[in-house]
Structure formats: structure tokens, C-alpha cells
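What follows is run_6.cif (mmCIF, C-alpha atoms and all ligand atoms).
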data_structure
loop_
_atom_site.group_PDB
_atom_site.id
_atom_site.type_symbol
_atom_site.label_atom_id
_atom_site.label_comp_id
_atom_site.auth_asym_id
_atom_site.auth_seq_id
_atom_site.Cartn_x
_atom_site.Cartn_y
_atom_site.Cartn_z
ATOM 1 C CA MET A 1 16.336 -10.112 -64.895
ATOM 2 C CA ARG A 2 18.694 -11.514 -62.290
ATOM 3 C CA ILE A 3 21.746 -9.550 -61.209
ATOM 4 C CA LEU A 4 24.578 -10.892 -59.105
ATOM 5 C CA GLY A 5 26.024 -8.161 -56.866
ATOM 6 C CA ILE A 6 29.506 -8.175 -55.351
ATOM 7 C CA GLU A 7 30.658 -5.784 -52.620
ATOM 8 C CA SER A 8 34.277 -5.812 -51.431
ATOM 9 C CA SER A 9 35.239 -2.181 -50.823
ATOM 10 C CA CYS A 10 36.337 -2.551 -47.214
ATOM 11 C CA ASP A 11 36.072 -5.213 -44.523
ATOM 12 C CA GLU A 12 32.936 -7.021 -45.637
ATOM 13 C CA THR A 13 32.470 -9.528 -48.436
ATOM 14 C CA GLY A 14 28.887 -9.116 -49.649
ATOM 15 C CA ILE A 15 27.169 -11.226 -52.296
ATOM 16 C CA ALA A 16 23.575 -10.827 -53.480
ATOM 17 C CA ILE A 17 21.222 -11.935 -56.209
ATOM 18 C CA TYR A 18 18.388 -9.601 -57.107
ATOM 19 C CA ASP A 19 15.484 -10.863 -59.172
ATOM 20 C CA SER A 20 13.654 -7.940 -60.808
ATOM 21 C CA GLU A 21 10.529 -9.993 -61.537
ATOM 22 C CA ASN A 22 9.560 -10.784 -57.962
ATOM 23 C CA HIS A 23 11.871 -8.199 -56.300
ATOM 24 C CA HIS A 24 13.371 -11.047 -54.383
ATOM 25 C CA ILE A 25 16.817 -10.531 -52.881
ATOM 26 C CA THR A 26 19.082 -13.231 -51.525
ATOM 27 C CA HIS A 27 22.108 -11.747 -49.823
ATOM 28 C CA GLU A 28 24.933 -12.938 -47.644
ATOM 29 C CA LEU A 29 27.595 -11.020 -45.823
ATOM 30 C CA TYR A 30 30.874 -12.127 -44.350
ATOM 31 C CA SER A 31 32.280 -9.607 -41.896
ATOM 32 C CA GLN A 32 36.025 -9.445 -41.228
ATOM 33 C CA ILE A 33 35.579 -7.696 -37.879
ATOM 34 C CA LYS A 34 37.346 -10.484 -35.967
ATOM 35 C CA THR A 35 40.366 -10.276 -38.300
ATOM 36 C CA HIS A 36 40.857 -6.537 -37.821
ATOM 37 C CA ALA A 37 39.674 -6.048 -34.231
ATOM 38 C CA PRO A 38 43.092 -6.791 -32.630
ATOM 39 C CA PHE A 39 44.555 -3.926 -34.712
ATOM 40 C CA GLY A 40 41.820 -1.411 -33.820
ATOM 41 C CA GLY A 41 41.056 -0.741 -37.499
ATOM 42 C CA VAL A 42 41.039 -2.286 -40.970
ATOM 43 C CA VAL A 43 44.403 -3.667 -42.180
ATOM 44 C CA PRO A 44 44.117 -3.326 -45.996
ATOM 45 C CA GLU A 45 46.337 -6.290 -46.928
ATOM 46 C CA LEU A 46 44.465 -8.634 -44.570
ATOM 47 C CA ALA A 47 41.183 -7.375 -46.029
ATOM 48 C CA SER A 48 42.261 -8.165 -49.619
ATOM 49 C CA ARG A 49 43.465 -11.649 -48.681
ATOM 50 C CA ASP A 50 40.232 -12.420 -46.886
ATOM 51 C CA HIS A 51 38.100 -11.270 -49.836
ATOM 52 C CA ILE A 52 40.079 -13.726 -52.023
ATOM 53 C CA GLN A 53 39.184 -16.569 -49.633
ATOM 54 C CA LYS A 54 35.518 -15.712 -49.175
ATOM 55 C CA THR A 55 34.141 -14.336 -52.456
ATOM 56 C CA LEU A 56 33.768 -17.511 -54.559
ATOM 57 C CA PRO A 57 32.392 -19.754 -51.750
ATOM 58 C CA LEU A 58 29.911 -17.010 -50.855
ATOM 59 C CA ILE A 59 28.787 -16.701 -54.494
ATOM 60 C CA GLN A 60 28.209 -20.456 -54.546
ATOM 61 C CA GLN A 61 26.250 -20.232 -51.309
ATOM 62 C CA VAL A 62 23.988 -17.443 -52.620
ATOM 63 C CA LEU A 63 23.386 -19.271 -55.918
ATOM 64 C CA GLN A 64 22.345 -22.364 -53.988
ATOM 65 C CA LYS A 65 20.185 -20.460 -51.527
ATOM 66 C CA SER A 66 18.346 -18.565 -54.269
ATOM 67 C CA LYS A 67 18.081 -21.698 -56.454
ATOM 68 C CA VAL A 68 19.539 -19.773 -59.386
ATOM 69 C CA THR A 69 22.044 -21.280 -61.805
ATOM 70 C CA PRO A 70 24.818 -19.235 -63.469
ATOM 71 C CA SER A 71 22.979 -19.488 -66.807
ATOM 72 C CA GLN A 72 20.068 -17.545 -65.255
ATOM 73 C CA ILE A 73 22.273 -14.571 -64.293
ATOM 74 C CA ASN A 74 21.876 -11.628 -66.683
ATOM 75 C CA GLY A 75 24.588 -9.337 -65.352
ATOM 76 C CA ILE A 76 27.174 -8.908 -62.626
ATOM 77 C CA ALA A 77 27.345 -5.661 -60.671
ATOM 78 C CA TYR A 78 30.378 -4.948 -58.519
ATOM 79 C CA THR A 79 31.637 -2.096 -56.377
ATOM 80 C CA SER A 80 34.285 -0.299 -58.404
ATOM 81 C CA GLY A 81 35.091 2.330 -55.749
ATOM 82 C CA PRO A 82 35.668 4.236 -53.595
ATOM 83 C CA GLY A 83 37.309 1.894 -51.089
ATOM 84 C CA LEU A 84 40.538 0.031 -50.338
ATOM 85 C CA ALA A 85 42.403 -0.515 -53.617
ATOM 86 C CA GLY A 86 43.376 -4.158 -53.017
ATOM 87 C CA ALA A 87 39.951 -5.116 -51.682
ATOM 88 C CA LEU A 88 38.209 -3.480 -54.655
ATOM 89 C CA MET A 89 40.544 -5.237 -57.058
ATOM 90 C CA VAL A 90 39.593 -8.669 -55.717
ATOM 91 C CA GLY A 91 35.859 -8.015 -56.157
ATOM 92 C CA SER A 92 36.210 -6.391 -59.569
ATOM 93 C CA MET A 93 38.488 -9.113 -60.962
ATOM 94 C CA ILE A 94 36.185 -11.896 -59.798
ATOM 95 C CA ALA A 95 33.150 -10.020 -61.142
ATOM 96 C CA ARG A 96 34.731 -9.301 -64.518
ATOM 97 C CA SER A 97 36.140 -12.830 -64.885
ATOM 98 C CA LEU A 98 32.772 -14.426 -64.149
ATOM 99 C CA ALA A 99 31.039 -11.982 -66.501
ATOM 100 C CA PHE A 100 33.496 -12.941 -69.237
ATOM 101 C CA ALA A 101 32.999 -16.657 -68.599
ATOM 102 C CA TRP A 102 29.204 -16.404 -68.382
ATOM 103 C CA LYS A 103 29.008 -13.966 -71.337
ATOM 104 C CA VAL A 104 27.018 -11.326 -69.428
ATOM 105 C CA PRO A 105 27.766 -7.638 -68.858
ATOM 106 C CA ALA A 106 29.858 -6.515 -65.874
ATOM 107 C CA ILE A 107 28.471 -3.339 -64.294
ATOM 108 C CA ALA A 108 30.743 -1.064 -62.260
ATOM 109 C CA VAL A 109 28.882 0.584 -59.364
ATOM 110 C CA HIS A 110 29.905 3.563 -57.242
ATOM 111 C CA HIS A 111 29.814 2.446 -53.625
ATOM 112 C CA MET A 112 28.144 5.624 -52.364
ATOM 113 C CA GLU A 113 25.501 5.476 -55.099
ATOM 114 C CA GLY A 114 24.803 1.962 -53.835
ATOM 115 C CA HIS A 115 24.249 3.339 -50.318
ATOM 116 C CA LEU A 116 22.145 6.169 -51.742
ATOM 117 C CA LEU A 117 19.808 3.853 -53.640
ATOM 118 C CA ALA A 118 19.596 1.106 -50.972
ATOM 119 C CA PRO A 119 16.192 2.414 -49.773
ATOM 120 C CA MET A 120 14.884 1.651 -53.292
ATOM 121 C CA LEU A 121 14.989 -2.044 -52.333
ATOM 122 C CA GLU A 122 12.180 -1.365 -49.873
ATOM 123 C CA PRO A 123 8.513 -1.732 -50.923
ATOM 124 C CA LEU A 124 7.788 1.891 -49.950
ATOM 125 C CA GLN A 125 10.101 3.977 -52.117
ATOM 126 C CA PRO A 126 11.024 7.631 -51.637
ATOM 127 C CA THR A 127 9.498 10.234 -53.958
ATOM 128 C CA TYR A 128 11.783 12.446 -56.044
ATOM 129 C CA PRO A 129 13.163 15.015 -55.581
ATOM 130 C CA PHE A 130 14.640 14.208 -52.189
ATOM 131 C CA VAL A 131 17.582 15.266 -50.088
ATOM 132 C CA ALA A 132 19.890 12.470 -48.998
ATOM 133 C CA LEU A 133 22.361 12.333 -46.148
ATOM 134 C CA LEU A 134 24.982 9.660 -46.784
ATOM 135 C CA VAL A 135 27.031 8.878 -43.709
ATOM 136 C CA SER A 136 29.615 6.109 -43.844
ATOM 137 C CA GLY A 137 33.135 5.380 -42.635
ATOM 138 C CA GLY A 138 34.717 7.248 -45.516
ATOM 139 C CA HIS A 139 32.126 9.849 -46.522
ATOM 140 C CA THR A 140 29.639 12.386 -45.223
ATOM 141 C CA LEU A 141 27.620 13.710 -48.134
ATOM 142 C CA LEU A 142 24.540 15.874 -48.408
ATOM 143 C CA ILE A 143 22.989 15.366 -51.838
ATOM 144 C CA SER A 144 20.012 16.763 -53.672
ATOM 145 C CA VAL A 145 18.580 13.923 -55.769
ATOM 146 C CA GLU A 146 16.457 14.914 -58.765
ATOM 147 C CA LYS A 147 16.127 11.270 -59.839
ATOM 148 C CA ALA A 148 18.321 8.142 -60.008
ATOM 149 C CA GLY A 149 21.548 9.194 -61.698
ATOM 150 C CA GLN A 150 20.901 12.934 -61.327
ATOM 151 C CA TYR A 151 22.662 14.177 -58.236
ATOM 152 C CA GLN A 152 23.849 17.505 -56.923
ATOM 153 C CA ILE A 153 26.366 17.187 -54.108
ATOM 154 C CA LEU A 154 25.539 20.064 -51.771
ATOM 155 C CA GLY A 155 28.233 19.457 -49.199
ATOM 156 C CA GLU A 156 30.602 16.959 -47.671
ATOM 157 C CA SER A 157 32.936 16.670 -44.736
ATOM 158 C CA LEU A 158 35.979 18.907 -44.828
ATOM 159 C CA ASP A 159 37.900 16.517 -42.584
ATOM 160 C CA ASP A 160 36.801 13.298 -40.843
ATOM 161 C CA ALA A 161 33.744 11.467 -42.140
ATOM 162 C CA ALA A 162 30.976 10.929 -39.556
ATOM 163 C CA GLY A 163 31.739 7.196 -39.246
ATOM 164 C CA GLU A 164 35.461 7.893 -39.018
ATOM 165 C CA ALA A 165 34.775 10.284 -36.117
ATOM 166 C CA PHE A 166 32.798 7.530 -34.337
ATOM 167 C CA ASP A 167 35.673 5.082 -34.900
ATOM 168 C CA LYS A 168 38.379 7.511 -33.701
ATOM 169 C CA VAL A 169 36.454 8.670 -30.643
ATOM 170 C CA ALA A 170 35.707 5.044 -29.736
ATOM 171 C CA ARG A 171 39.437 4.429 -29.703
ATOM 172 C CA LEU A 172 40.006 7.472 -27.447
ATOM 173 C CA LEU A 173 37.436 6.018 -25.040
ATOM 174 C CA GLY A 174 39.052 2.576 -25.102
ATOM 175 C CA LEU A 175 36.068 1.012 -26.917
ATOM 176 C CA SER A 176 36.323 -1.775 -29.451
ATOM 177 C CA TYR A 177 36.402 -1.579 -33.255
ATOM 178 C CA PRO A 178 34.158 -0.809 -35.132
ATOM 179 C CA GLY A 179 33.534 2.300 -33.091
ATOM 180 C CA GLY A 180 30.026 3.262 -34.207
ATOM 181 C CA PRO A 181 28.115 0.382 -32.625
ATOM 182 C CA ALA A 182 30.417 0.479 -29.552
ATOM 183 C CA ILE A 183 29.700 4.187 -28.951
ATOM 184 C CA GLU A 184 25.982 3.653 -29.487
ATOM 185 C CA LYS A 185 25.971 0.895 -26.871
ATOM 186 C CA ALA A 186 28.056 2.846 -24.336
ATOM 187 C CA ALA A 187 25.865 5.934 -24.878
ATOM 188 C CA GLU A 188 22.739 4.052 -23.752
ATOM 189 C CA GLU A 189 23.904 4.374 -20.144
ATOM 190 C CA GLY A 190 25.158 7.953 -20.512
ATOM 191 C CA ASP A 191 23.842 11.510 -20.258
ATOM 192 C CA PRO A 192 24.043 13.373 -23.609
ATOM 193 C CA ARG A 193 24.215 16.685 -21.708
ATOM 194 C CA ALA A 194 27.073 15.651 -19.416
ATOM 195 C CA PHE A 195 29.701 17.332 -21.619
ATOM 196 C CA ASP A 196 29.126 20.487 -23.626
ATOM 197 C CA LEU A 197 30.870 19.466 -26.857
ATOM 198 C CA PRO A 198 31.132 21.759 -29.910
ATOM 199 C CA ARG A 199 28.851 21.549 -32.942
ATOM 200 C CA ALA A 200 30.510 22.810 -36.145
ATOM 201 C CA TRP A 201 27.561 24.323 -37.994
ATOM 202 C CA LEU A 202 29.736 25.943 -40.716
ATOM 203 C CA GLU A 203 26.951 28.477 -41.352
ATOM 204 C CA GLY A 204 26.308 29.430 -44.958
ATOM 205 C CA THR A 205 27.686 26.140 -46.305
ATOM 206 C CA TRP A 206 26.401 22.573 -46.537
ATOM 207 C CA SER A 207 29.799 21.237 -45.439
ATOM 208 C CA PHE A 208 30.486 19.223 -42.312
ATOM 209 C CA SER A 209 33.476 19.059 -39.973
ATOM 210 C CA PHE A 210 34.012 16.551 -37.182
ATOM 211 C CA SER A 211 37.701 16.873 -36.350
ATOM 212 C CA GLY A 212 37.137 19.740 -33.865
ATOM 213 C CA LEU A 213 34.613 17.607 -32.003
ATOM 214 C CA LYS A 214 37.069 14.695 -31.921
ATOM 215 C CA THR A 215 39.786 17.009 -30.521
ATOM 216 C CA ALA A 216 37.348 18.312 -27.905
ATOM 217 C CA VAL A 217 36.731 14.730 -26.723
ATOM 218 C CA LEU A 218 40.501 14.122 -26.664
ATOM 219 C CA ARG A 219 40.976 17.214 -24.456
ATOM 220 C CA GLU A 220 38.285 16.059 -22.015
ATOM 221 C CA VAL A 221 39.850 12.577 -21.876
ATOM 222 C CA ARG A 222 43.344 13.989 -21.194
ATOM 223 C CA LYS A 223 42.050 16.337 -18.492
ATOM 224 C CA ILE A 224 40.104 13.605 -16.702
ATOM 225 C CA LYS A 225 43.071 11.234 -16.880
ATOM 226 C CA SER A 226 45.545 13.866 -15.618
ATOM 227 C CA ASP A 227 43.194 14.519 -12.688
ATOM 228 C CA GLY A 228 43.492 10.786 -11.956
ATOM 229 C CA LEU A 229 39.735 10.272 -12.295
ATOM 230 C CA PRO A 230 38.010 7.278 -13.939
ATOM 231 C CA LEU A 231 36.864 7.959 -17.510
ATOM 232 C CA PRO A 232 33.076 8.539 -17.687
ATOM 233 C CA VAL A 233 32.892 6.553 -20.942
ATOM 234 C CA ALA A 234 29.088 6.413 -21.156
ATOM 235 C CA ASP A 235 28.654 10.182 -20.630
ATOM 236 C CA LEU A 236 31.397 11.028 -23.127
ATOM 237 C CA ALA A 237 29.967 8.602 -25.700
ATOM 238 C CA ALA A 238 26.436 9.980 -25.249
ATOM 239 C CA SER A 239 27.601 13.613 -25.449
ATOM 240 C CA PHE A 240 29.701 12.917 -28.547
ATOM 241 C CA GLN A 241 26.877 11.015 -30.259
ATOM 242 C CA ALA A 242 24.413 13.829 -29.490
ATOM 243 C CA ALA A 243 26.779 16.422 -31.015
ATOM 244 C CA VAL A 244 27.158 14.403 -34.247
ATOM 245 C CA VAL A 245 23.438 13.652 -34.515
ATOM 246 C CA ASP A 246 22.470 17.323 -33.890
ATOM 247 C CA VAL A 247 24.623 18.563 -36.755
ATOM 248 C CA LEU A 248 23.666 15.786 -39.174
ATOM 249 C CA ILE A 249 19.958 16.345 -38.563
ATOM 250 C CA GLY A 250 20.112 20.156 -38.424
ATOM 251 C CA LYS A 251 21.896 20.469 -41.749
ATOM 252 C CA THR A 252 19.811 17.794 -43.485
ATOM 253 C CA LEU A 253 16.519 19.405 -42.454
ATOM 254 C CA ALA A 254 17.762 22.849 -43.547
ATOM 255 C CA ALA A 255 18.861 21.457 -46.936
ATOM 256 C CA ALA A 256 15.499 19.718 -47.402
ATOM 257 C CA ARG A 257 13.718 23.052 -46.841
ATOM 258 C CA GLU A 258 16.094 25.049 -49.049
ATOM 259 C CA PHE A 259 15.961 22.591 -51.968
ATOM 260 C CA LYS A 260 12.216 21.972 -51.659
ATOM 261 C CA ALA A 261 12.673 18.251 -51.199
ATOM 262 C CA LYS A 262 9.577 16.065 -51.021
ATOM 263 C CA GLU A 263 11.285 13.582 -48.724
ATOM 264 C CA ILE A 264 14.474 12.928 -46.789
ATOM 265 C CA LEU A 265 16.644 9.863 -47.120
ATOM 266 C CA ILE A 266 19.406 8.744 -44.800
ATOM 267 C CA ALA A 267 21.788 5.913 -45.674
ATOM 268 C CA GLY A 268 25.300 4.571 -45.094
ATOM 269 C CA GLY A 269 26.779 2.763 -42.078
ATOM 270 C CA VAL A 270 26.158 5.574 -39.566
ATOM 271 C CA SER A 271 22.432 5.516 -40.433
ATOM 272 C CA ALA A 272 22.353 2.260 -38.432
ATOM 273 C CA ASN A 273 22.736 4.504 -35.361
ATOM 274 C CA ARG A 274 19.582 4.314 -33.265
ATOM 275 C CA ALA A 275 19.875 7.826 -31.823
ATOM 276 C CA LEU A 276 19.931 9.218 -35.374
ATOM 277 C CA ARG A 277 17.162 6.879 -36.588
ATOM 278 C CA GLN A 278 14.919 7.898 -33.704
ATOM 279 C CA ALA A 279 15.580 11.646 -33.696
ATOM 280 C CA ILE A 280 15.207 12.502 -37.364
ATOM 281 C CA PRO A 281 11.602 11.378 -37.955
ATOM 282 C CA GLU A 282 10.646 13.209 -34.740
ATOM 283 C CA GLN A 283 12.109 16.489 -35.992
ATOM 284 C CA ALA A 284 11.386 16.345 -39.738
ATOM 285 C CA GLU A 285 8.189 17.725 -41.263
ATOM 286 C CA LEU A 286 8.754 15.487 -44.304
ATOM 287 C CA PRO A 287 8.642 11.708 -44.720
ATOM 288 C CA VAL A 288 12.007 10.161 -43.828
ATOM 289 C CA HIS A 289 13.380 6.985 -45.420
ATOM 290 C CA ILE A 290 16.058 4.991 -43.645
ATOM 291 C CA PRO A 291 16.853 1.482 -44.897
ATOM 292 C CA PRO A 292 16.654 -1.443 -42.456
ATOM 293 C CA ILE A 293 19.954 -1.811 -40.571
ATOM 294 C CA SER A 294 21.140 -4.722 -42.753
ATOM 295 C CA LEU A 295 20.970 -2.426 -45.804
ATOM 296 C CA CYS A 296 22.554 0.601 -44.032
ATOM 297 C CA THR A 297 25.995 -0.897 -43.525
ATOM 298 C CA ASP A 298 27.945 -2.370 -46.428
ATOM 299 C CA ASN A 299 26.118 -5.083 -48.366
ATOM 300 C CA ALA A 300 25.811 -6.401 -51.915
ATOM 301 C CA ALA A 301 22.038 -6.038 -52.289
ATOM 302 C CA MET A 302 22.473 -2.273 -52.733
ATOM 303 C CA VAL A 303 25.131 -2.918 -55.393
HETATM 304 O O1 LIG A 401 28.810 2.229 -44.899
HETATM 305 P P1 LIG A 401 29.740 1.478 -44.027
HETATM 306 O O2 LIG A 401 29.329 0.111 -43.556
HETATM 307 O O3 LIG A 401 31.149 1.311 -44.711
HETATM 308 C C1 LIG A 401 31.735 2.362 -45.436
HETATM 309 O O4 LIG A 401 31.366 2.520 -46.627
HETATM 310 O O5 LIG A 401 32.521 3.088 -44.809
HETATM 311 O O6 LIG A 401 30.043 2.414 -42.782
HETATM 312 C C2 LIG A 401 30.916 2.034 -41.768
HETATM 313 C C3 LIG A 401 30.895 3.114 -40.700
HETATM 314 C C4 LIG A 401 31.935 2.869 -39.609
HETATM 315 O O7 LIG A 401 32.651 4.060 -39.385
HETATM 316 C C5 LIG A 401 31.082 2.474 -38.407
HETATM 317 O O8 LIG A 401 31.663 2.835 -37.167
HETATM 318 C C6 LIG A 401 29.811 3.259 -38.681
HETATM 319 O O9 LIG A 401 29.617 3.158 -40.066
HETATM 320 N N1 LIG A 401 28.670 2.680 -37.965
HETATM 321 C C7 LIG A 401 27.986 3.321 -37.004
HETATM 322 C C8 LIG A 401 27.034 2.404 -36.503
HETATM 323 N N2 LIG A 401 27.154 1.229 -37.204
HETATM 324 C C9 LIG A 401 28.170 1.423 -38.097
HETATM 325 N N3 LIG A 401 28.109 4.563 -36.518
HETATM 326 C C10 LIG A 401 27.277 4.921 -35.517
HETATM 327 N N4 LIG A 401 26.348 4.099 -34.969
HETATM 328 C C11 LIG A 401 26.193 2.830 -35.436
HETATM 329 N N5 LIG A 401 25.276 2.020 -34.895
HETATM 330 ZN ZN ZN A 402 29.778 1.727 -47.305
#

Spit out the file's structure as C-alpha cells when you get a sec.
Amino acid sequence: MRILGIESSCDETGIAIYDSENHHITHELYSQIKTHAPFGGVVPELASRDHIQKTLPLIQQVLQKSKVTPSQINGIAYTSGPGLAGALMVGSMIARSLAFAWKVPAIAVHHMEGHLLAPMLEPLQPTYPFVALLVSGGHTLLISVEKAGQYQILGESLDDAAGEAFDKVARLLGLSYPGGPAIEKAAEEGDPRAFDLPRAWLEGTWSFSFSGLKTAVLREVRKIKSDGLPLPVADLAASFQAAVVDVLIGKTLAAAREFKAKEILIAGGVSANRALRQAIPEQAELPVHIPPISLCTDNAAMV
């Protein structure tokens, strides 16, 4: 079976073909970072217009690269949500139109379920039941996974998602968009203990909260600026990153113990973060699965 996957929920046009016989994946990604960078965040209308321009040429490119013809495609999977309404509409309309023309089923896929199951594209697959931490720009979810399709959401963020906190704090520090990779890079030169930033443990719940941490960074920035001192960007980035990583890991490990998980899985854009990728296997007593970076951030292979 060969499935064409289309991802267009935000600022990346992703196209993939997955062949279930040889597990071969051909995938291509067009990132709109350059389009949105001058605005410091994603401009939804520009995102939709760009998806219109890029989706069909990218599909053609992936068909050519994988040496697959449309008649060999057995189904078209597309991200149906959550995401930017206009961007999702472009992907879903192209997917459904092609499915109609090629007389194959169109399969609507939940974007976060795509992230959750991305590690299944790897040769070494996680064993059920596992606890998954999904950390992206729009969501922070802790999920107990009995098997594919059987999920119990244990907790989520009450305010900012983890990725959103990275993006907002990056802006406070004058770093470029997208904020996650910019903070990670700045943090390399910084001391994670330089600033004692709060960790919202929200004891007794599996929920997360990152807005207090963001406000704490804002207060430090204002104080330093009003004192007329230069902003210690690297130290602030490292301290912020350490606070986020501590809470994400602490709560995930506790949930894995409580729900008797056999393994731990981390996915979503923030799982590309090297501090998180390094720290969790060091602290966990269970096997940890994190997809390769290209499958952590948005892509169509997972779809
Ligand atoms: O999953 P994703 O690509 O798109 C959404 O579904 O939202 O996640 C994007 C988020 C952004 O907030 C971005 O700043 C964050 O993932 N991110 C990172 C890193 N790479 C991407 N956060 C921390 N460290 C990174 N290296
Ligand atoms: Zn995503």
C-alpha cells in the first residue's frame, strides 16, 4: 500500500509517500520561516497563500523522487486539524480533490496523533502501553497510550504550550523566530543556574503551566534593562530552557511510574530540543523513544 501524506497545519508544507511493503518513506518539506520571520510569528493569511503555491509542485516532486505514479497511490492522508483554519483548508481541499480524481479514499488525520505516532516510522518501535509527552507550538499533552487509537489524555497545558513559551520568551530576549531553536542555540553559551526561575509543578495534577515562567523572564528582562545593564541573553535562555525541561521531564517520569508504562515517548516540535533529548534518557529508568529531529517538527511522513 502506498499512502500520500499532506501536512499544512501551520507554516510548513509537507508531502510524503509511505510504502508499507518496504517501509520506504519519501518526504519533502517546504518551510515558510523566511516569509514569517520579519513579523516575528506566523501570519495566517500568508501561510495559506504559500501552501496554495507549494503543495502541488511538492506533490509532483515527491512522486518523481519516489518513482511512484498517481495510479499506484492507494489513499491520501491529510492533516485535518488542529491548526490554522486557512492553511488546513488548502491541504484538505487538495487532498480531497486528488482523492476524488484518483478514486482513492481521503483520510483525515489529527495533527497531534501524527506527532504521537511519528516514532512508529522508526525500525525500533515503542512497546505498549507507553506514556507520551507531546510538546509542540500549540499543545503540551501528557498521554497514556494503551495502543494506537486508544489514548487517555492525562494532562495538558492550562495556558501557553511549551513551544509557545519558547517562542514568546525568544521574542522577549530579542531572538529570532522560531524561538525554540534560537533559545537552544543561545543557551549553549549560558549558565542554566544563572537565574532562579519558577517551575510550576501543579502538584496532584498532570497539567502544565508556562505563563508564570514567561512572566518571570519578562520581569528579569525589565529589571536588567531599567538598571541600564546589557541583557545576559545566553544565561536567561539557558535558565528558561532548564526550567521548562525540568518540569517536562519530572512530570513525564512521574506519569510513567504511576501508569505503569513500559516505555516513554516524546514527540512534537519541542522534542527537537537537545537539552530535553539529552536529559530524559539520563534520568528515565525506562526506554525512551524520541523521533529523529526531522520527524519531531511538522512533516508529512507522520501524517
Ligand atoms: O510540532 P511543531 O513543528 O508545530 C506545531 O504543531 O506547533 O512545533 C513547533 C514548535 C515551535 O514553538 C518551536 O519554537 C518549537 O516547536 N521548537 C523547539 C525547537 N525546535 C522547534 N523548541 C525548543 N527547542 C527546539 N530545538
Ligand atoms: Zn506539529

_When you count all atoms listed in the file, which of these residues is closest to Ile280 of chain A: A:Lys251, A:Ile224, A:Thr13, A:Leu295?_
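For Ile280 of chain A, the nearest of the candidates is A:Lys251.
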
As JSON, what would the box around ligand LIG 401 (chain A) look like: edges along x, y and z, 6 Å added on every side, centre and edge lengths in Å to one decimal?
{"center_x": 29.0, "center_y": 2.5, "center_z": -40.8, "size_x": 19.4, "size_y": 16.8, "size_z": 23.7}

*Find the residues near ligand ZN 402 (chain A). Use a cut-off of 6 Å, count only C-alpha atoms and all ligand atoms, and write them as a list in words.*
Ser136, Gly268, Thr297 and Asp298 of chain A

_Residue among A:Ile6, A:Ala162, A:Ile25, A:Val42 lying closest to Glu122 of chain A, counting all atoms listed in the file_ = A:Ile25

*List the residues selected by the PyMOL selection byres (((chain A and resi 150) around 12) and not hetatm) in the file shown, writing them as a VMD selection string.*
chain A and resid 113 116 to 117 128 to 131 143 to 149 151 to 153

*Please measure the separation of atom CA of Ile15 of chain A and atom CA of Ala301 of chain A, giving the value in Å to one decimal.*
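Going from atom CA of Ile15 of chain A over to atom CA of Ala301 of chain A covers 7.3 Å.
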
*Using all atoms listed in the file, determine which residues lie at most 9 Å from Phe195 of chain A, disregarding the query and same-chain residues fewer than 6 positions distant; provide the list as a ChimeraX atom specification.*
/A:220,235-236,238-240

*the PyMOL selection byres (((chain A and resi 76) around 6) and not hetatm) resolved against shown file, as a ChimeraX atom specification*: /A:3-5,75,77,106-107

*Grab the atom CA of Gln61 of chain A to atom CA of His27 of chain A distance for me, in Å with one decimal place.*
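Value for the atom CA of Gln61 of chain A-atom CA of His27 of chain A distance: 9.6 Å.
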
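Relative to atom CA of Leu158 of chain A, atom CA of Ile264 of chain A is found at 22.4 Å.
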
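Residue nearest Asp246 of chain A, chosen from A:Trp201, A:Tyr18, A:Phe259, A:Trp206 and counting all atoms listed in the file: A:Trp201.
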
*Rank A:Thr26, A:Ser157, A:Ser71, A:Ser8 by their smallest atom-to-atom distance to Leu202 of chain A, using only C-alpha atoms, and report the top residue only.*
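Looking at the shortest contact to Leu202 of chain A, the residue is A:Ser157.
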
*Out of A:Ala118, A:Ala194, A:Val233, A:Ala186, which residue has the shortest atom-to-atom distance to Val303 of chain A when counting only C-alpha atoms?*
A:Ala118

Evaluate the PyMOL selection byres (((chain A and resi 173) around 8) and not hetatm) here and jot the selected residues down as a PDB file with C-alpha atoms, in the coordinates of the input.
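Result file part-v6.pdb:
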ATOM      1  CA  VAL A 169      36.454   8.670 -30.643  1.00  0.00           C
ATOM      2  CA  ALA A 170      35.707   5.044 -29.736  1.00  0.00           C
ATOM      3  CA  ARG A 171      39.437   4.429 -29.703  1.00  0.00           C
ATOM      4  CA  LEU A 172      40.006   7.472 -27.447  1.00  0.00           C
ATOM      5  CA  GLY A 174      39.052   2.576 -25.102  1.00  0.00           C
ATOM      6  CA  LEU A 175      36.068   1.012 -26.917  1.00  0.00           C
ATOM      7  CA  VAL A 221      39.850  12.577 -21.876  1.00  0.00           C
ATOM      8  CA  LEU A 231      36.864   7.959 -17.510  1.00  0.00           C
ATOM      9  CA  VAL A 233      32.892   6.553 -20.942  1.00  0.00           C
ATOM     10  CA  ALA A 237      29.967   8.602 -25.700  1.00  0.00           C
TER      11      ALA A 237
END

*Shortest interatomic distance to Ser66 of chain A - which of A:Ala101, A:Tyr78, A:Val90, A:Ala16, counting only C-alpha atoms*: A:Ala16
